[in-house]
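Engineer: As input, take target.txt (compact mmCIF, C-alpha atoms and all ligand atoms):
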```txt
# COMPACT_ATOMS: atom_id res chain seq x y z
CA MET A 1 2.69 45.45 -5.16
CA PHE A 2 3.75 42.30 -3.31
CA PRO A 3 1.08 39.61 -3.86
CA VAL A 4 0.83 38.57 -0.17
CA ASP A 5 -0.61 41.06 2.30
CA LYS A 6 1.68 41.52 5.30
CA ARG A 7 -1.30 41.27 7.67
CA THR A 8 -2.20 37.85 6.30
CA ALA A 9 1.32 36.61 7.00
CA GLN A 10 1.07 37.97 10.54
CA ASN A 11 -2.17 36.06 11.05
CA VAL A 12 -1.21 32.65 9.69
CA TRP A 13 2.19 32.29 11.31
CA TYR A 14 1.32 32.39 15.00
CA PRO A 15 -1.05 29.40 15.08
CA ALA A 16 1.37 27.23 13.04
CA ALA A 17 3.45 24.44 14.59
CA ASP A 18 6.61 25.88 13.02
CA VAL A 19 6.07 29.48 14.09
CA VAL A 20 9.32 31.38 14.58
CA PRO A 21 8.22 34.24 16.86
CA GLU A 22 11.45 36.14 16.11
CA VAL A 23 10.33 36.35 12.47
CA CYS A 24 6.88 37.53 13.57
CA PHE A 25 8.33 40.34 15.73
CA ALA A 26 10.51 41.49 12.84
CA VAL A 27 7.62 41.48 10.37
CA ASP A 28 5.46 43.47 12.82
CA GLU A 29 8.04 46.21 12.54
CA VAL A 30 8.29 46.35 8.73
CA PRO A 31 6.30 49.30 7.29
CA ILE A 32 3.53 48.15 4.91
CA ALA A 33 4.92 50.42 2.17
CA GLN A 34 8.33 48.74 2.37
CA TRP A 35 6.69 45.28 2.29
CA ASN A 36 4.60 46.15 -0.75
CA GLU A 37 7.55 47.54 -2.71
CA ALA A 38 9.05 44.07 -3.08
CA THR A 39 8.40 42.14 -6.28
CA ASP A 40 9.33 38.67 -5.02
CA ILE A 41 10.17 37.07 -1.69
CA GLU A 42 13.92 37.11 -2.31
CA SER A 43 13.97 40.91 -2.69
CA LEU A 44 11.62 41.24 0.29
CA ALA A 45 13.97 39.15 2.46
CA GLU A 46 16.89 41.30 1.35
CA SER A 47 15.06 44.53 2.06
CA ILE A 48 14.00 43.49 5.57
CA ALA A 49 17.27 41.71 6.48
CA PRO A 50 18.36 44.40 9.01
CA THR A 51 15.00 44.15 10.82
CA LEU A 52 15.20 40.34 10.88
CA ALA A 53 18.73 40.54 12.26
CA ARG A 54 17.67 42.97 14.97
CA HIS A 55 15.19 40.37 16.25
CA GLY A 56 17.58 37.43 15.93
CA ALA A 57 15.67 35.93 12.98
CA SER A 58 17.37 34.52 9.89
CA PRO A 59 16.40 35.30 6.27
CA PHE A 60 16.23 31.52 5.73
CA ASP A 61 13.49 31.16 8.35
CA PHE A 62 11.59 34.09 6.86
CA LEU A 63 11.82 32.64 3.35
CA TRP A 64 10.60 29.13 4.06
CA SER A 65 7.87 30.48 6.36
CA MET A 66 6.59 32.55 3.45
CA GLU A 67 6.90 29.73 0.92
CA ARG A 68 5.16 27.19 3.12
CA HIS A 69 2.03 29.27 3.51
CA PHE A 70 1.93 31.24 0.29
CA SER A 71 3.51 29.22 -2.53
CA GLU A 72 1.23 27.42 -4.94
CA PRO A 73 -1.13 25.71 -4.24
CA TYR A 74 -1.61 27.50 -0.92
CA GLY A 75 -1.14 31.06 -2.11
CA PRO A 76 -0.08 33.27 -5.01
CA LEU A 77 3.71 32.87 -4.78
CA ALA A 78 5.59 30.68 -7.28
CA LYS A 79 6.44 27.05 -6.54
CA ALA A 80 8.53 26.74 -3.37
CA THR A 81 12.26 26.38 -3.88
CA ARG A 82 13.15 25.47 -0.29
CA THR A 83 11.70 22.03 -0.86
CA ILE A 84 12.80 20.43 2.39
CA MET A 85 10.81 23.02 4.36
CA ALA A 86 8.00 23.97 2.02
CA GLY A 87 7.95 22.18 -1.28
CA ILE A 88 5.92 19.53 -2.99
CA PRO A 89 8.31 17.00 -4.56
CA ASP A 90 7.84 16.70 -8.31
CA MET A 91 7.14 12.98 -8.10
CA PHE A 92 3.69 13.68 -6.64
CA LEU A 93 2.57 15.86 -9.49
CA ALA A 94 0.13 14.23 -11.80
CA ASP A 95 -1.66 14.11 -15.08
CA GLU A 96 -3.58 17.29 -15.89
CA ASP A 97 -6.01 15.52 -18.23
CA ALA A 98 -7.19 13.23 -15.48
CA LEU A 99 -8.27 16.02 -13.14
CA PRO A 100 -11.90 16.90 -12.38
CA GLU A 101 -13.62 20.20 -13.18
CA THR A 102 -13.20 21.30 -9.60
CA ALA A 103 -9.41 20.97 -9.60
CA SER A 104 -7.65 24.18 -8.64
CA ARG A 105 -5.62 26.26 -11.03
CA TYR A 106 -2.51 24.85 -9.43
CA GLU A 107 -3.60 21.31 -10.09
CA ARG A 108 -4.64 22.12 -13.63
CA GLU A 109 -1.95 24.45 -14.95
CA GLY A 110 0.72 24.48 -12.32
CA VAL A 111 3.43 22.09 -11.41
CA LEU A 112 1.06 19.13 -11.24
CA GLY A 113 0.45 19.37 -14.96
CA GLU A 114 4.12 19.67 -15.83
CA GLN A 115 4.97 16.33 -14.35
CA SER A 116 2.55 13.94 -16.00
CA HIS A 117 5.39 11.82 -17.43
CA LEU A 118 6.59 10.96 -13.92
CA ASN A 119 3.17 9.75 -12.95
CA ARG A 120 2.98 7.45 -15.95
CA ILE A 121 6.37 5.96 -15.15
CA ALA A 122 5.27 5.34 -11.59
CA GLN A 123 2.26 3.38 -12.76
CA SER A 124 3.89 1.41 -15.55
CA ASP A 125 3.77 -1.97 -13.75
CA VAL A 126 0.04 -1.98 -12.95
CA ARG A 127 -3.07 -1.14 -14.92
CA VAL A 128 -4.69 1.76 -13.09
CA GLU A 129 -8.44 1.26 -12.89
CA ALA A 130 -9.61 4.50 -11.26
CA LYS A 131 -8.91 8.12 -12.07
CA PRO A 132 -8.07 10.92 -9.61
CA TYR A 133 -11.24 12.13 -7.81
CA GLN A 134 -13.35 9.41 -9.43
CA TYR A 135 -15.46 8.35 -6.45
CA GLU A 136 -17.57 10.33 -3.99
CA PRO A 137 -18.95 8.70 -0.80
CA GLY A 138 -22.42 7.78 -2.08
CA ASP A 139 -21.24 6.44 -5.45
CA ASP A 140 -21.44 2.89 -6.71
CA MET A 141 -17.99 1.38 -6.39
CA PRO A 142 -16.65 -1.98 -7.50
CA ASP A 143 -16.54 -4.44 -4.57
CA ASP A 144 -12.80 -4.82 -4.97
CA TYR A 145 -12.38 -1.03 -4.79
CA ARG A 146 -14.37 -0.91 -1.56
CA PHE A 147 -12.23 -3.70 -0.14
CA TRP A 148 -8.94 -1.91 -0.81
CA LEU A 149 -10.24 1.51 0.23
CA GLY A 150 -11.46 0.06 3.53
CA LYS A 151 -8.15 -1.66 4.05
CA MET A 152 -6.34 1.62 3.49
CA PHE A 153 -8.52 3.43 6.03
CA PHE A 154 -7.48 0.90 8.65
CA ALA A 155 -3.81 0.76 7.67
CA HIS A 156 -3.07 4.48 7.51
CA GLY A 157 -3.79 7.85 8.74
CA GLU A 158 -5.09 10.06 11.41
CA CYS A 159 -7.21 7.62 13.31
CA MET A 160 -6.00 8.01 16.85
CA MET A 161 -9.19 9.35 18.42
CA PRO A 162 -11.86 9.31 15.82
CA TYR A 163 -14.80 9.73 18.21
CA PHE A 164 -16.36 13.13 18.21
CA GLY A 165 -19.59 14.25 19.83
CA GLU A 166 -21.14 12.19 22.65
CA ALA A 167 -19.10 9.07 21.97
CA ALA A 168 -15.83 10.97 22.51
CA LYS A 169 -16.54 11.91 26.10
CA GLY A 170 -14.11 10.30 28.52
CA HIS A 171 -11.70 9.30 25.75
CA GLN A 172 -8.27 10.84 25.43
CA SER A 173 -6.11 11.15 22.37
CA MET A 174 -3.68 8.26 22.11
CA PHE A 175 -0.98 10.89 21.77
CA SER A 176 -1.85 12.58 25.08
CA ALA A 177 1.05 11.06 27.09
CA ILE A 178 3.68 12.03 24.55
CA ASP A 179 2.19 15.50 24.14
CA LYS A 180 2.34 15.97 27.91
CA PHE A 181 6.00 14.96 27.94
CA SER A 182 6.76 17.42 25.12
CA MET A 183 5.14 20.36 26.89
CA GLN A 184 7.18 19.58 30.01
CA ALA A 185 10.44 19.00 28.16
CA ALA A 186 10.21 22.07 25.89
CA PRO A 187 13.27 24.16 26.83
CA ASN A 188 11.89 27.66 26.12
CA PRO A 189 8.59 29.55 25.68
CA GLU A 190 8.89 29.49 21.86
CA SER A 191 9.17 25.70 21.70
CA ARG A 192 6.24 25.32 24.12
CA LEU A 193 4.14 27.52 21.84
CA ARG A 194 5.10 25.36 18.86
CA MET A 195 4.24 22.12 20.69
CA SER A 196 0.86 23.49 21.69
CA ASN A 197 0.11 24.60 18.12
CA PHE A 198 1.23 21.18 16.93
CA SER A 199 -1.19 19.32 19.22
CA ASN A 200 -4.04 21.50 18.02
CA GLU A 201 -3.26 20.73 14.41
CA GLU A 202 -3.07 17.01 15.02
CA PHE A 203 -6.46 17.20 16.71
CA LYS A 204 -7.78 19.03 13.65
CA HIS A 205 -6.47 16.19 11.46
CA THR A 206 -8.25 13.68 13.64
CA TYR A 207 -11.46 15.62 13.08
CA GLN A 208 -10.90 15.88 9.33
CA PHE A 209 -10.36 12.13 9.05
CA TYR A 210 -13.24 11.40 11.38
CA LYS A 211 -15.53 13.30 8.99
CA LEU A 212 -14.09 11.48 6.02
CA TYR A 213 -14.52 8.01 7.54
CA HIS A 214 -17.93 8.78 8.99
CA GLU A 215 -19.23 10.01 5.67
CA TYR A 216 -18.14 6.76 4.03
CA ASP A 217 -19.48 4.53 6.80
CA PRO A 218 -20.57 5.75 10.26
CA ASP A 219 -19.18 2.57 11.93
CA ILE A 220 -15.62 3.03 10.65
CA PRO A 221 -14.38 5.67 13.14
CA VAL A 222 -15.42 3.54 16.11
CA ASN A 223 -14.02 0.35 14.60
CA ILE A 224 -10.69 2.01 13.88
CA TYR A 225 -10.48 3.44 17.38
CA GLU A 226 -11.17 0.09 19.01
CA ARG A 227 -8.59 -1.62 16.83
CA GLU A 228 -5.95 1.03 17.53
CA ARG A 229 -6.63 0.67 21.23
CA GLU A 230 -5.74 -2.98 21.03
CA GLN A 231 -2.68 -2.36 18.92
CA PHE A 232 -1.53 1.21 18.50
CA ARG A 233 0.20 0.79 15.16
CA ALA A 234 1.62 4.30 14.92
CA TYR A 235 3.85 3.65 17.92
CA GLU A 236 4.13 -0.08 17.77
CA GLY A 237 7.81 -0.87 18.11
CA THR A 238 8.74 2.81 18.46
CA LYS A 239 11.55 3.23 20.94
CA MET A 240 11.64 6.90 21.84
CA GLU A 241 14.16 8.18 24.36
CA PRO A 242 12.91 10.66 26.96
CA SER A 243 14.98 13.59 25.71
CA TRP A 244 13.96 16.81 23.98
CA LEU A 245 16.46 16.21 21.17
CA ASP A 246 15.01 12.76 20.47
CA ARG A 247 11.53 14.22 20.37
CA GLY A 248 12.77 16.81 17.83
CA ILE A 249 14.29 14.09 15.64
CA PHE A 250 11.02 12.19 15.87
CA ASN A 251 9.01 15.18 14.52
CA MET A 252 11.61 15.93 11.88
CA ILE A 253 11.45 12.40 10.53
CA ALA A 254 8.02 10.99 11.49
CA ASP A 255 5.93 13.98 10.44
CA ARG A 256 7.98 14.16 7.23
CA PHE A 257 6.99 10.54 6.69
CA GLY A 258 3.42 11.83 7.08
CA VAL A 259 4.14 14.41 4.37
CA TYR A 260 5.10 11.66 1.93
CA GLN A 261 2.12 9.57 2.94
CA GLY A 262 -0.20 12.53 2.40
CA PHE A 263 1.26 13.42 -0.98
CA GLU A 264 0.34 9.94 -2.17
CA TRP A 265 -3.30 10.94 -1.73
CA VAL A 266 -3.40 14.38 -3.36
CA GLN A 267 -4.49 12.65 -6.58
CA SER A 268 -6.53 9.91 -4.91
CA SER A 269 -9.38 8.24 -6.76
CA TYR A 270 -11.41 8.69 -3.56
CA ALA A 271 -12.24 12.39 -3.88
CA PRO A 272 -12.71 13.26 -0.16
CA LEU A 273 -9.24 11.88 0.54
CA ALA A 274 -7.70 13.87 -2.33
CA ARG A 275 -9.31 17.06 -1.02
CA VAL A 276 -8.22 16.63 2.59
CA ALA A 277 -4.70 15.41 1.72
CA LEU A 278 -3.48 18.69 0.25
CA LYS A 279 -4.47 20.51 3.45
CA VAL A 280 -3.00 17.91 5.79
CA VAL A 281 0.26 17.75 3.85
CA LYS A 282 0.77 21.46 4.42
CA ASP A 283 0.41 21.01 8.17
CA GLU A 284 2.67 17.97 8.25
CA ARG A 285 5.39 20.03 6.54
CA GLY A 286 5.01 22.43 9.45
CA HIS A 287 5.38 19.61 11.98
CA ALA A 288 8.56 18.38 10.29
CA ASN A 289 9.83 21.99 10.30
CA MET A 290 9.06 22.26 13.99
CA GLY A 291 11.24 19.19 14.58
CA TYR A 292 13.93 20.74 12.39
CA ILE A 293 13.92 23.98 14.42
CA HIS A 294 14.09 22.05 17.69
CA VAL A 295 16.95 19.83 16.53
CA ARG A 296 18.82 22.85 15.16
CA GLU A 297 18.48 24.66 18.50
CA ALA A 298 19.52 21.57 20.47
CA LEU A 299 22.62 21.18 18.27
CA GLU A 300 23.51 24.86 18.69
CA SER A 301 23.19 24.80 22.45
CA GLY A 302 24.37 21.23 23.07
CA GLY A 303 27.53 21.22 20.94
CA LYS A 304 29.48 18.02 20.33
CA THR A 305 27.49 15.92 22.83
CA ALA A 306 24.17 16.79 21.17
CA ARG A 307 25.63 16.11 17.72
CA GLU A 308 26.84 12.68 18.81
CA GLU A 309 23.49 11.87 20.40
CA ALA A 310 21.62 12.86 17.24
CA GLU A 311 23.87 10.82 14.96
CA ARG A 312 23.73 7.82 17.28
CA ARG A 313 19.91 7.89 17.46
CA LEU A 314 19.54 8.32 13.72
CA ALA A 315 21.90 5.46 12.94
CA GLU A 316 20.79 3.00 15.59
CA TYR A 317 17.07 3.58 15.42
CA TRP A 318 15.26 6.37 13.54
CA TYR A 319 16.67 5.87 10.06
CA PRO A 320 16.13 2.10 9.85
CA GLN A 321 12.69 2.47 11.47
CA PHE A 322 11.41 5.08 9.03
CA MET A 323 12.99 3.63 5.92
CA ALA A 324 11.04 0.48 6.75
CA SER A 325 7.83 2.41 7.46
CA PHE A 326 7.17 2.68 3.73
CA GLY A 327 6.59 -1.07 3.71
CA ALA A 328 8.09 -4.07 1.95
CA SER A 329 9.38 -3.80 -1.61
CA ASP A 330 7.02 -6.52 -2.83
CA SER A 331 3.95 -5.30 -0.92
CA ARG A 332 0.72 -6.69 -2.33
CA ASN A 333 -1.28 -3.96 -0.59
CA ASN A 334 0.72 -1.25 -2.33
CA GLU A 335 0.19 -2.89 -5.72
CA ASN A 336 -3.57 -3.02 -5.22
CA TRP A 337 -3.77 0.51 -3.88
CA ARG A 338 -1.95 1.73 -6.99
CA ARG A 339 -4.21 -0.35 -9.20
CA TRP A 340 -7.21 1.45 -7.70
CA GLY A 341 -5.65 4.92 -7.85
CA LEU A 342 -5.39 5.07 -4.06
CA LYS A 343 -1.61 5.49 -4.15
CA GLN A 344 0.78 6.61 -6.84
CA HIS A 345 4.15 5.05 -6.11
CA THR A 346 5.80 1.84 -5.05
CA ASN A 347 7.13 1.62 -1.52
CA ASP A 348 10.68 1.62 -2.92
CA GLN A 349 10.09 4.80 -4.96
CA LEU A 350 8.85 6.57 -1.84
CA ARG A 351 11.69 5.25 0.25
CA VAL A 352 14.32 6.53 -2.19
CA ALA A 353 12.68 9.97 -2.44
CA PHE A 354 12.39 10.23 1.33
CA ASP A 355 16.06 9.31 1.77
CA ARG A 356 17.03 11.98 -0.77
CA GLU A 357 15.12 14.65 1.12
CA MET A 358 16.40 13.49 4.55
CA ARG A 359 19.98 13.64 3.23
CA GLU A 360 19.45 17.34 2.38
CA VAL A 361 17.86 17.98 5.77
CA LEU A 362 20.67 16.31 7.70
CA ASP A 363 23.38 17.93 5.53
CA SER A 364 21.94 21.35 6.32
CA LEU A 365 22.26 20.53 10.04
CA GLY A 366 25.79 19.20 9.60
CA LEU A 367 24.69 15.68 10.59
CA GLU A 368 25.80 12.48 8.96
CA THR A 369 23.12 10.49 7.11
CA PRO A 370 23.13 6.73 7.78
CA ASP A 371 23.71 4.40 4.85
CA PHE A 372 20.46 3.94 2.94
CA GLU A 373 20.78 0.27 1.98
CA ALA A 374 21.97 -0.91 5.39
CA ALA A 375 19.33 1.12 7.26
CA THR A 376 16.54 -0.15 5.01
CA GLU A 377 17.63 -3.75 5.34
CA ARG A 378 17.80 -3.45 9.12
CA GLY A 379 14.45 -1.70 9.43
CA LEU A 380 12.67 -4.20 7.20
CA GLU A 381 14.12 -7.04 9.26
CA TRP A 382 12.67 -5.45 12.43
CA ALA A 383 9.34 -5.12 10.65
CA ARG A 384 9.39 -8.80 9.70
CA GLN A 385 10.13 -9.77 13.31
CA LEU A 386 7.30 -7.55 14.55
CA LYS A 387 4.90 -9.00 12.02
CA LYS A 388 5.67 -12.50 13.26
CA LYS A 389 4.77 -11.44 16.79
CA ARG A 390 1.49 -9.85 15.84
CA GLN A 391 -1.59 -11.75 16.82
CA ALA A 392 -4.35 -9.70 15.24
CA ALA A 393 -5.29 -9.19 11.60
CA PRO A 394 -1.98 -9.76 9.84
CA ALA A 395 -3.64 -9.04 6.51
CA LEU A 396 -3.88 -5.37 7.43
CA ASN A 397 -0.14 -4.89 7.55
CA GLN A 398 1.51 -3.02 4.73
FE FE B 401 -1.29 14.85 11.38
FE FE B 402 1.98 15.63 12.18
```
Write out the structure in this file as structure tokens.

Structural biologist:
Amino acid sequence: MFPVDKRTAQNVWYPAADVVPEVCFAVDEVPIAQWNEATDIESLAESIAPTLARHGASPFDFLWSMERHFSEPYGPLAKATRTIMAGIPDMFLADEDALPETASRYEREGVLGEQSHLNRIAQSDVRVEAKPYQYEPGDDMPDDYRFWLGKMFFAHGECMMPYFGEAAKGHQSMFSAIDKFSMQAAPNPESRLRMSNFSNEEFKHTYQFYKLYHEYDPDIPVNIYEREREQFRAYEGTKMEPSWLDRGIFNMIADRFGVYQGFEWVQSSYAPLARVALKVVKDERGHANMGYIHVREALESGGKTAREEAERRLAEYWYPQFMASFGASDSRNNENWRRWGLKQHTNDQLRVAFDREMREVLDSLGLETPDFEAATERGLEWARQLKKKRQAAPALNQ
């Protein structure tokens, strides 16, 4: 019997940002008996290939859709093999001995446990002073820990409209303008559905982080909101072009950046952050996949012109910008966050891993990947220029 119920797959796919309705229609048609006969997803994909083809869906899209929702730690299937669409990179897997009683089977016995050596290498230049899941909101914490945790709350994350309840009335999400553009620019009903699902999920993240900040200190959500209003860091210096293809590239690269950011927290010493990160990372994978689907479609329908536009935008802007988003190589913030178990890797380690994954993504789309060193150097130079211009709170920059 196949370990994932067909009806569960039918239910989780539609509300996801990376829903491929063609896959859903095909699965609707597969008899439950045929579904249950399969022993693994590869044989299932093979068995239903004619039905997928009839609905214009590819086995590749079926496979990663299954892996993203049902591979460990999100479901009973084995570790995802289509890593660029569904996987958790090995570098984020941590030391089994350090995990709390409440850690899931996946965290305890699964791939997290297998990779403890990588975690130790990552930490070899600092003495780590807090274990994964060490602190809960009401706990006594060293003053220095509180300082760096607070700094991280302000520097990262889903803080674009952290008011909920009465205080939220009259406020709009800071992403509302760009979301409106996306809904208007979406070229077909399927991409409109994905954009709408995407906005809902981002709103859910805002809520999840609102709860997390509020639980730590009720003033933090408001303070973050006011600060972001003055200087919206997520888009500061972002030069998006008003085209659907550019918006697709943005999701493919920016939400993937969010994936890497979130993975850094799945073993956080601040337990609420560790718990929420694993959930958010799953959604961010979906957002990056949505971008991937939209870019793939734009390249298929737009031919050589679309290909040239994508390569131009990646080379002249997106690649340098996002290589630099991981922060400077000698970041003092990063060092302190690792010391307190709030991050696992150096900015350079993350940058290299991200480049490796992006190279696979762009190869699969037949796009050229910009040179890593040159893009990083350029992006970091832009970041230095931007930092010079900033008036407010320079100490909060990565
Ligand atoms: Fe998000
Ligand atoms: Fe996202």

Engineer: Can you work out which residues are within 6 Å of ligand FE 401 (chain B), considering all atoms listed in the file, and then hand them over as a list in words?

Structural biologist: Glu202, His205 and Glu284 of chain A

Engineer: Using all atoms listed in the file, determine which residues fall within 8 Å of ligand FE 402 (chain B), then list them as a PyMOL selection string.

Structural biologist: chain A and resi 198+201-202+251+254-256+258+283-288

Engineer: Residues at most 6 Å from region 264-281 of chain A, counting all atoms listed in the file, excluding those fewer than 4 positions away in the same chain, as a PDB file with C-alpha atoms, keeping the file's coordinate frame?

Structural biologist:
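Final file, around-v9.pdb:
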```
ATOM      1  CA  ALA A 130      -9.610   4.500 -11.260  1.00  0.00           C
ATOM      2  CA  LYS A 131      -8.910   8.120 -12.070  1.00  0.00           C
ATOM      3  CA  PRO A 132      -8.070  10.920  -9.610  1.00  0.00           C
ATOM      4  CA  TYR A 133     -11.240  12.130  -7.810  1.00  0.00           C
ATOM      5  CA  GLN A 134     -13.350   9.410  -9.430  1.00  0.00           C
ATOM      6  CA  TYR A 135     -15.460   8.350  -6.450  1.00  0.00           C
ATOM      7  CA  GLU A 136     -17.570  10.330  -3.990  1.00  0.00           C
ATOM      8  CA  VAL A 259       4.140  14.410   4.370  1.00  0.00           C
ATOM      9  CA  GLY A 341      -5.650   4.920  -7.850  1.00  0.00           C
ATOM     10  CA  LEU A 342      -5.390   5.070  -4.060  1.00  0.00           C
ATOM     11  CA  LYS A 343      -1.610   5.490  -4.150  1.00  0.00           C
ATOM     12  CA  GLN A 344       0.780   6.610  -6.840  1.00  0.00           C
TER      13      GLN A 344
END
```

Engineer: I'd like to know which of A:Arg54, A:Trp340, A:Gln321, A:Ala168 is closest to Arg146 (chain A), using only C-alpha atoms.

Structural biologist: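 Ranking A:Arg54, A:Trp340, A:Gln321, A:Ala168 by distance to Arg146 (chain A), first place goes to A:Trp340.
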
Engineer: Just give me the gap between CA of Tyr74 (chain A) and CA of Val12 (chain A) in Å, one decimal is fine.

Structural biologist: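 So the two atoms, CA of Tyr74 (chain A) and CA of Val12 (chain A), lie 11.8 Å apart.
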
Engineer: Suppose you want the space between CA of Glu357 (chain A) and CA of Thr83 (chain A); what is it in Å?

Structural biologist: 8.4 Å

Engineer: So that I can check the surroundings of Ile41 (chain A), please list as a VMD selection string every protein, DNA and RNA residue that reaches within 12 Å of it, counting only C-alpha atoms and ignoring chain neighbours fewer than 2 positions away.

Structural biologist: chain A and resid 1 to 4 6 35 to 39 43 to 49 59 to 60 62 to 67 70 to 71 76 to 81

Engineer: Record the distance separating CA of Gly248 (chain A) and CA of Gly291 (chain A), expressed in Å with one decimal.

Structural biologist: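 Value for the CA of Gly248 (chain A)-CA of Gly291 (chain A) distance: 4.3 Å.
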
Engineer: May I ask which of the residues A:Val126, A:Leu314, A:Met91, A:Ala375 is the closest one to Leu350 (chain A), counting only C-alpha atoms?

Structural biologist: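 Comparing A:Val126, A:Leu314, A:Met91, A:Ala375 against Leu350 (chain A), the winner is A:Met91.
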
Engineer: Do you know which residues are at most 10 Å from Arg359 (chain A) counting all atoms listed in the file, after dropping those on the same chain fewer than 6 positions away, and could you put them as a list in words?

Structural biologist: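 Selected residues are Ile84, Ala353, Leu365, Leu367, Glu368, Thr369, Pro370 and Phe372 of chain A.
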
Engineer: Pick the closest to Glu377 (chain A) from A:Ala328, A:Ala177, A:Ala167, A:Leu245: which is it, counting only C-alpha atoms?

Structural biologist: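 Ranked by minimum distance to Glu377 (chain A), first place goes to A:Ala328.
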
Engineer: Name all residues at most 12 Å from Asn200 (chain A) (count all atoms listed in the file; drop same-chain ones fewer than 4 positions away) and give them as a list in words.

Structural biologist: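 Once the nearby chain positions are removed, what remains is Pro15, Ala16, Ala17, Ser173, Phe175, Ser176, Asp179, Leu193, Arg194, Met195, Ser196, Lys204, His205, Thr206, Tyr207, Asp283 and His287 of chain A.
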
Engineer: Would you kindly return, as a list of chain:residue names, each protein, DNA or RNA residue with an atom no farther than 9 Å from any atom of Arg351 (chain A), considering only C-alpha atoms and excluding same-chain residues fewer than 2 positions away?

Structural biologist: A:Phe322, A:Met323, A:Ala324, A:Ser325, A:Phe326, A:Gly327, A:Thr346, A:Asn347, A:Asp348, A:Gln349, A:Ala353, A:Phe354, A:Asp355, A:Arg356, A:Thr376

Engineer: Need a file for region 332-376 of chain A from that block: C-alpha atoms, written as a PDB file, in the first residue's frame.

Structural biologist:
```pdb
ATOM      1  CA  ARG A 332      30.328  40.498  13.057  1.00  0.00           C
ATOM      2  CA  ASN A 333      26.577  39.907  13.367  1.00  0.00           C
ATOM      3  CA  ASN A 334      26.889  36.499  11.744  1.00  0.00           C
ATOM      4  CA  GLU A 335      29.717  35.518  14.076  1.00  0.00           C
ATOM      5  CA  ASN A 336      27.692  36.440  17.153  1.00  0.00           C
ATOM      6  CA  TRP A 337      24.546  34.753  15.881  1.00  0.00           C
ATOM      7  CA  ARG A 338      26.540  31.553  15.377  1.00  0.00           C
ATOM      8  CA  ARG A 339      28.108  31.908  18.801  1.00  0.00           C
ATOM      9  CA  TRP A 340      24.616  31.974  20.306  1.00  0.00           C
ATOM     10  CA  GLY A 341      23.260  29.120  18.188  1.00  0.00           C
ATOM     11  CA  LEU A 342      20.995  31.492  16.270  1.00  0.00           C
ATOM     12  CA  LYS A 343      22.605  30.631  12.932  1.00  0.00           C
ATOM     13  CA  GLN A 344      24.676  27.709  11.762  1.00  0.00           C
ATOM     14  CA  HIS A 345      26.843  28.899   8.900  1.00  0.00           C
ATOM     15  CA  THR A 346      29.025  31.760   7.782  1.00  0.00           C
ATOM     16  CA  ASN A 347      27.662  34.090   5.134  1.00  0.00           C
ATOM     17  CA  ASP A 348      30.220  32.695   2.678  1.00  0.00           C
ATOM     18  CA  GLN A 349      29.161  29.079   3.305  1.00  0.00           C
ATOM     19  CA  LEU A 350      25.552  30.008   2.598  1.00  0.00           C
ATOM     20  CA  ARG A 351      26.493  32.007  -0.464  1.00  0.00           C
ATOM     21  CA  VAL A 352      28.429  29.102  -1.989  1.00  0.00           C
ATOM     22  CA  ALA A 353      25.614  26.614  -1.283  1.00  0.00           C
ATOM     23  CA  PHE A 354      23.024  28.961  -2.743  1.00  0.00           C
ATOM     24  CA  ASP A 355      25.108  29.459  -5.893  1.00  0.00           C
ATOM     25  CA  ARG A 356      25.428  25.680  -6.270  1.00  0.00           C
ATOM     26  CA  GLU A 357      21.663  25.223  -6.080  1.00  0.00           C
ATOM     27  CA  MET A 358      20.940  28.184  -8.405  1.00  0.00           C
ATOM     28  CA  ARG A 359      23.365  26.738 -10.970  1.00  0.00           C
ATOM     29  CA  GLU A 360      21.286  23.519 -11.030  1.00  0.00           C
ATOM     30  CA  VAL A 361      18.059  25.505 -11.286  1.00  0.00           C
ATOM     31  CA  LEU A 362      19.299  27.648 -14.169  1.00  0.00           C
ATOM     32  CA  ASP A 363      20.895  24.660 -15.956  1.00  0.00           C
ATOM     33  CA  SER A 364      17.557  22.859 -15.883  1.00  0.00           C
ATOM     34  CA  LEU A 365      15.978  25.898 -17.579  1.00  0.00           C
ATOM     35  CA  GLY A 366      18.783  26.123 -20.131  1.00  0.00           C
ATOM     36  CA  LEU A 367      19.886  29.515 -18.756  1.00  0.00           C
ATOM     37  CA  GLU A 368      23.435  30.637 -18.240  1.00  0.00           C
ATOM     38  CA  THR A 369      24.519  31.221 -14.632  1.00  0.00           C
ATOM     39  CA  PRO A 370      26.496  34.430 -14.017  1.00  0.00           C
ATOM     40  CA  ASP A 371      30.033  34.122 -12.684  1.00  0.00           C
ATOM     41  CA  PHE A 372      29.916  33.619  -8.919  1.00  0.00           C
ATOM     42  CA  GLU A 373      32.974  35.640  -7.895  1.00  0.00           C
ATOM     43  CA  ALA A 374      32.226  38.610 -10.126  1.00  0.00           C
ATOM     44  CA  ALA A 375      28.534  38.713  -9.142  1.00  0.00           C
ATOM     45  CA  THR A 376      29.357  38.510  -5.436  1.00  0.00           C
TER      46      THR A 376
END
```
